[in-house]
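I have placed the structure first, in the form of structure tokens, so that the comments after it can refer back to it.
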Amino acid sequence: MKNIIEVSNLVKNYGDFQAVKGISFDVKEGEIFGLLGPNGAGKSTTLEIIETLREKTSGTIIVDGLNIDTNPNDIKKIIGVQLQTSGFYPGLNLVELINLFCGLYNQEADPKTLLEKVNLYDKAKSKVKELSGGQKQRFSIATTLINKPKIIFLDEPTTGLDPQARRNLWDLIRDIRDQGTTVILTTHYMDEAEVLCDRVAIIDEGKIIAIATPDKLIDDLVATGFERPKEMKQANLEDVFINLTGHDIREL
Ligand code: ADP
């Protein structure tokens with residue numbers, strides 16, 4: 001599969017502090033790629049540089065064949081970046097917001113079709129503040145799709161959501177990937193990365209310390225002789241929660 005993003009020797013200094021220490025990685029077209037790592041590892045810095053929102057100190061970045069140094073504006077046209085919904089105009093409803101974004105991006109998009117895609121068709125006339133957490137996240141994902149991007153960037157898309165809403169979002173992200181869009185996301189939920197990401201990079205103190213499929217990383221750890229303390233039960237509290245409250249989304 002073709003590399004849609006190629007990062008080589010990326011460095012970012014903030015004054016004397018080196019937040020990103022010469023990392024290199026590729027993202028393949030059509031995959032869900034996870035960037036994992038503790039707070040302060042350099043994930044947001046790395047993503048924001050690729051998104052053309054932050055200047056790098058050095059290194060090379062190629063996005064879909066475009067060099068970020070010479071073609072940042074062409075890169076902007078083929079990516080979708082998730083914004084926090086708190087920044088959306090509070091007085092506008094979802095259709096009005098999408099129309100506003102269309103104007104900003106100079107794009108034609110049918111708000112109803114977009115809302116249908118993220119299962120918010122019934123909320124077309126609602127304001128963002130009237131949405132639940134999961135609905136807000138789905139709406140902000142919808143806004144990343146307005147310019148029909150080849151790649152979308154999602155920063156902790158499921159943080160703070162209940163278990164059903166998280167699963168619902170995983171389905172949405174998979175649908176987007178299945179329709180041909182490459183997805184790069186960050187998450188602190190390892191269960192999420194394990195089921196959702198085709199490959200993950202683990203970044204720590206500005207360096208990539210592992211990059212592979214979740215399966216391969218787990219197999220490599222097991223091969224070292226690692227054994228998880230035996231779980232005594234066949235289910236966990238999350239299973240109880242899902243079992244009791246059902247798999248349906250409450251917030252449609
Ligand atoms: P992550 O997204 O993995 O939590 P960040 O990329 O936000 O990490 O931050 C990496 C490091 O760079 C942290 O130590 C953070 O304090 C520092 N940092 C981030 N942004 C700035 C900035 N604008 N000025 C100075 N230091 C920054």
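Labeling convention for the structure tokens: chains A, B, ... as they appear, residues from 1 per chain, ligands from 1 in order of appearance.
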
> What lies within 10 Å of segment 7-19 of chain A using only C-alpha atoms, ignoring chain neighbours under 4 positions off, as a VMD selection string?
Replying inline: chain A and resid 23 to 27 40 to 43 45 to 46 49 to 50 54 to 63 204 to 207

> Could you pull the residues within 10 Å of Arg166 of chain A, counting only C-alpha atoms, minus those fewer than 3 positions along the same chain, as a ChimeraX atom specification?
Replying inline: /A:134,137,157-163,169-172,192,249

>> Ranking A:Gln179, A:Asn39, A:Asn3, A:Thr85 by minimum distance to ligand 1 and counting only C-alpha atoms and all ligand atoms, which one comes first?
In response: A:Asn39

>> Could you list, as a PyMOL selection string, every residue within 12 Å of Lys123 of chain A, counting only C-alpha atoms and ignoring same-chain residues fewer than 6 positions away?
In response: chain A and resi 93-96+111-112+114-116+129-132+135-136+138-139+251-252

Output of the above residues as a compact mmCIF listing (two decimals), in the first residue's frame, restricted to N, CA and C atoms:
```
# COMPACT_ATOMS: atom_id res chain seq x y z
N ASN A 93 -27.38 26.43 14.32
CA ASN A 93 -27.70 25.00 14.39
C ASN A 93 -26.73 24.22 13.48
N LEU A 94 -26.86 22.89 13.49
CA LEU A 94 -25.87 22.06 12.82
C LEU A 94 -25.79 22.34 11.31
N VAL A 95 -26.96 22.53 10.69
CA VAL A 95 -26.97 22.80 9.25
C VAL A 95 -26.29 24.13 8.98
N GLU A 96 -26.60 25.12 9.81
CA GLU A 96 -26.01 26.45 9.61
C GLU A 96 -24.49 26.41 9.80
N PRO A 111 -25.50 19.54 3.75
CA PRO A 111 -25.47 19.33 5.20
C PRO A 111 -26.25 18.08 5.63
N LYS A 112 -27.40 17.85 4.97
CA LYS A 112 -28.24 16.71 5.38
C LYS A 112 -27.50 15.38 5.15
N LEU A 114 -24.28 14.92 5.02
CA LEU A 114 -23.17 14.82 5.99
C LEU A 114 -23.70 14.40 7.36
N LEU A 115 -24.81 15.02 7.76
CA LEU A 115 -25.36 14.69 9.09
C LEU A 115 -25.86 13.26 9.12
N GLU A 116 -26.40 12.80 8.00
CA GLU A 116 -26.87 11.42 7.92
C GLU A 116 -25.70 10.46 8.12
N LYS A 129 -24.70 23.04 21.64
CA LYS A 129 -24.81 22.92 23.10
C LYS A 129 -25.97 22.01 23.52
N GLU A 130 -26.85 21.71 22.58
CA GLU A 130 -27.97 20.81 22.91
C GLU A 130 -27.64 19.35 22.64
N LEU A 131 -26.41 19.08 22.19
CA LEU A 131 -26.02 17.70 21.87
C LEU A 131 -25.35 17.03 23.07
N SER A 132 -25.44 15.70 23.11
CA SER A 132 -24.70 14.94 24.12
C SER A 132 -23.22 14.89 23.71
N GLN A 135 -22.68 12.89 20.54
CA GLN A 135 -23.20 13.62 19.37
C GLN A 135 -22.27 14.75 18.97
N LYS A 136 -21.74 15.43 19.98
CA LYS A 136 -20.80 16.53 19.68
C LYS A 136 -19.59 16.00 18.94
N ARG A 138 -19.43 13.29 17.14
CA ARG A 138 -19.81 12.88 15.78
C ARG A 138 -19.95 14.11 14.89
N PHE A 139 -20.48 15.19 15.47
CA PHE A 139 -20.61 16.40 14.65
C PHE A 139 -19.24 16.95 14.28
N GLU A 251 -28.48 8.25 22.57
CA GLU A 251 -28.51 9.68 22.35
C GLU A 251 -28.93 10.04 20.93
N LEU A 252 -29.50 9.10 20.21
CA LEU A 252 -29.83 9.42 18.81
C LEU A 252 -30.97 10.41 18.74
```

>> Here is a test: counting only C-alpha atoms, which residue of A:Pro38, A:Val183, A:Ile32, A:Ile5 is nearest to Arg199 of chain A?
In response: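 The shortest atom-to-atom distance to Arg199 of chain A comes from A:Ile32.
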
>> What's around Lys216 of chain A at 12 Å? Count only C-alpha atoms, leave out sequence neighbours fewer than 6 positions away in its own chain, and write the answer as a ChimeraX atom specification.
In response: /A:194,198-201,210,222-223

Store the residues of this selection in a file with C-alpha atoms, as a compact mmCIF listing (two decimals), in the first residue's frame.
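Written out: selection14.txt:
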```txt
# COMPACT_ATOMS: atom_id res chain seq x y z
CA GLU A 194 -6.18 -2.43 19.87
CA ASP A 198 -4.51 -0.96 11.80
CA ARG A 199 -1.12 0.22 13.08
CA VAL A 200 0.07 2.29 16.00
CA ALA A 201 3.17 4.26 16.85
CA ALA A 210 7.57 1.18 18.75
CA VAL A 222 4.51 -12.13 24.85
CA ALA A 223 7.63 -13.49 23.11
```

> Nearest to ligand 1: which of A:Thr186, A:Asn73, A:Ser126, A:Ser86 is it, counting only C-alpha atoms and all ligand atoms?
Replying inline: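 With only C-alpha atoms and all ligand atoms as the atom set, the closest residue is A:Thr186.
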
> atom CA of Ala193 of chain A and atom CA of Glu48 of chain A, how far apart in Å?
Replying inline: 20.3 Å

> If you run DSSP on this backbone, which residues of segment 34-205 of chain A come out as helix (DSSP H, G or I), and could you give them as a PyMOL selection string?
Replying inline: chain A and resi 43-50+72-78+85-87+94-105+111-117+121-123+128-130+133-144+163-178+190-196

Polymer residues at most 6 Å from Ile79 of chain A, only C-alpha atoms, same-chain spacing of 4 or more positions, as a PDB file with all heavy atoms, in the first residue's frame:
```
ATOM      1  N   PRO A 149     -11.842  15.105   2.409  1.00  0.00           N
ATOM      2  CA  PRO A 149     -10.394  14.965   2.543  1.00  0.00           C
ATOM      3  C   PRO A 149      -9.919  13.539   2.279  1.00  0.00           C
ATOM      4  O   PRO A 149     -10.682  12.579   2.400  1.00  0.00           O
ATOM      5  CB  PRO A 149     -10.157  15.326   4.001  1.00  0.00           C
ATOM      6  CG  PRO A 149     -11.427  14.956   4.685  1.00  0.00           C
ATOM      7  CD  PRO A 149     -12.522  15.216   3.704  1.00  0.00           C
ATOM      8  N   LYS A 150      -8.638  13.418   1.934  1.00  0.00           N
ATOM      9  CA  LYS A 150      -8.030  12.093   1.798  1.00  0.00           C
ATOM     10  C   LYS A 150      -7.588  11.568   3.152  1.00  0.00           C
ATOM     11  O   LYS A 150      -7.416  10.371   3.336  1.00  0.00           O
ATOM     12  CB  LYS A 150      -6.813  12.177   0.875  1.00  0.00           C
ATOM     13  CG  LYS A 150      -7.158  12.474  -0.559  1.00  0.00           C
ATOM     14  CD  LYS A 150      -5.927  12.353  -1.437  1.00  0.00           C
ATOM     15  CE  LYS A 150      -6.295  12.597  -2.885  1.00  0.00           C
ATOM     16  NZ  LYS A 150      -5.123  12.560  -3.758  1.00  0.00           N
ATOM     17  N   ILE A 151      -7.329  12.504   4.076  1.00  0.00           N
ATOM     18  CA  ILE A 151      -6.822  12.117   5.405  1.00  0.00           C
ATOM     19  C   ILE A 151      -7.571  12.946   6.443  1.00  0.00           C
ATOM     20  O   ILE A 151      -7.748  14.151   6.261  1.00  0.00           O
ATOM     21  CB  ILE A 151      -5.328  12.480   5.553  1.00  0.00           C
ATOM     22  CG1 ILE A 151      -4.515  11.970   4.360  1.00  0.00           C
ATOM     23  CG2 ILE A 151      -4.762  11.968   6.869  1.00  0.00           C
ATOM     24  CD1 ILE A 151      -3.127  12.579   4.277  1.00  0.00           C
ATOM     25  N   ILE A 152      -8.008  12.304   7.539  1.00  0.00           N
ATOM     26  CA  ILE A 152      -8.531  13.112   8.656  1.00  0.00           C
ATOM     27  C   ILE A 152      -7.714  12.845   9.916  1.00  0.00           C
ATOM     28  O   ILE A 152      -7.178  11.745  10.111  1.00  0.00           O
ATOM     29  CB  ILE A 152     -10.037  12.891   8.934  1.00  0.00           C
ATOM     30  CG1 ILE A 152     -10.359  11.439   9.271  1.00  0.00           C
ATOM     31  CG2 ILE A 152     -10.880  13.368   7.778  1.00  0.00           C
ATOM     32  CD1 ILE A 152     -11.769  11.266   9.808  1.00  0.00           C
TER      33      ILE A 152
END
```

> Taking into account only C-alpha atoms and all ligand atoms, which residue in the set A:Cys102, A:Ile202, A:Leu237, A:Ile211 is nearest to ligand 1?
Replying inline: A:Ile202

> Which residue gives the smallest distance to ligand 1 among A:Ser140, A:Ser44, A:Thr52, A:Asn243, with only C-alpha atoms and all ligand atoms counted?
Replying inline: A:Ser44

>> Measuring between only C-alpha atoms and all ligand atoms, which one of A:Ile78, A:Ile203, A:Ile218, A:Leu196 shows the shortest distance to ligand 1?
In response: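 The shortest atom-to-atom distance to ligand 1 comes from A:Ile203.
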
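Picture a line from atom 22 (C, counted along the ligand's line) of ligand 1 to atom CA of Tyr89 of chain A; it runs 26.3 Å.
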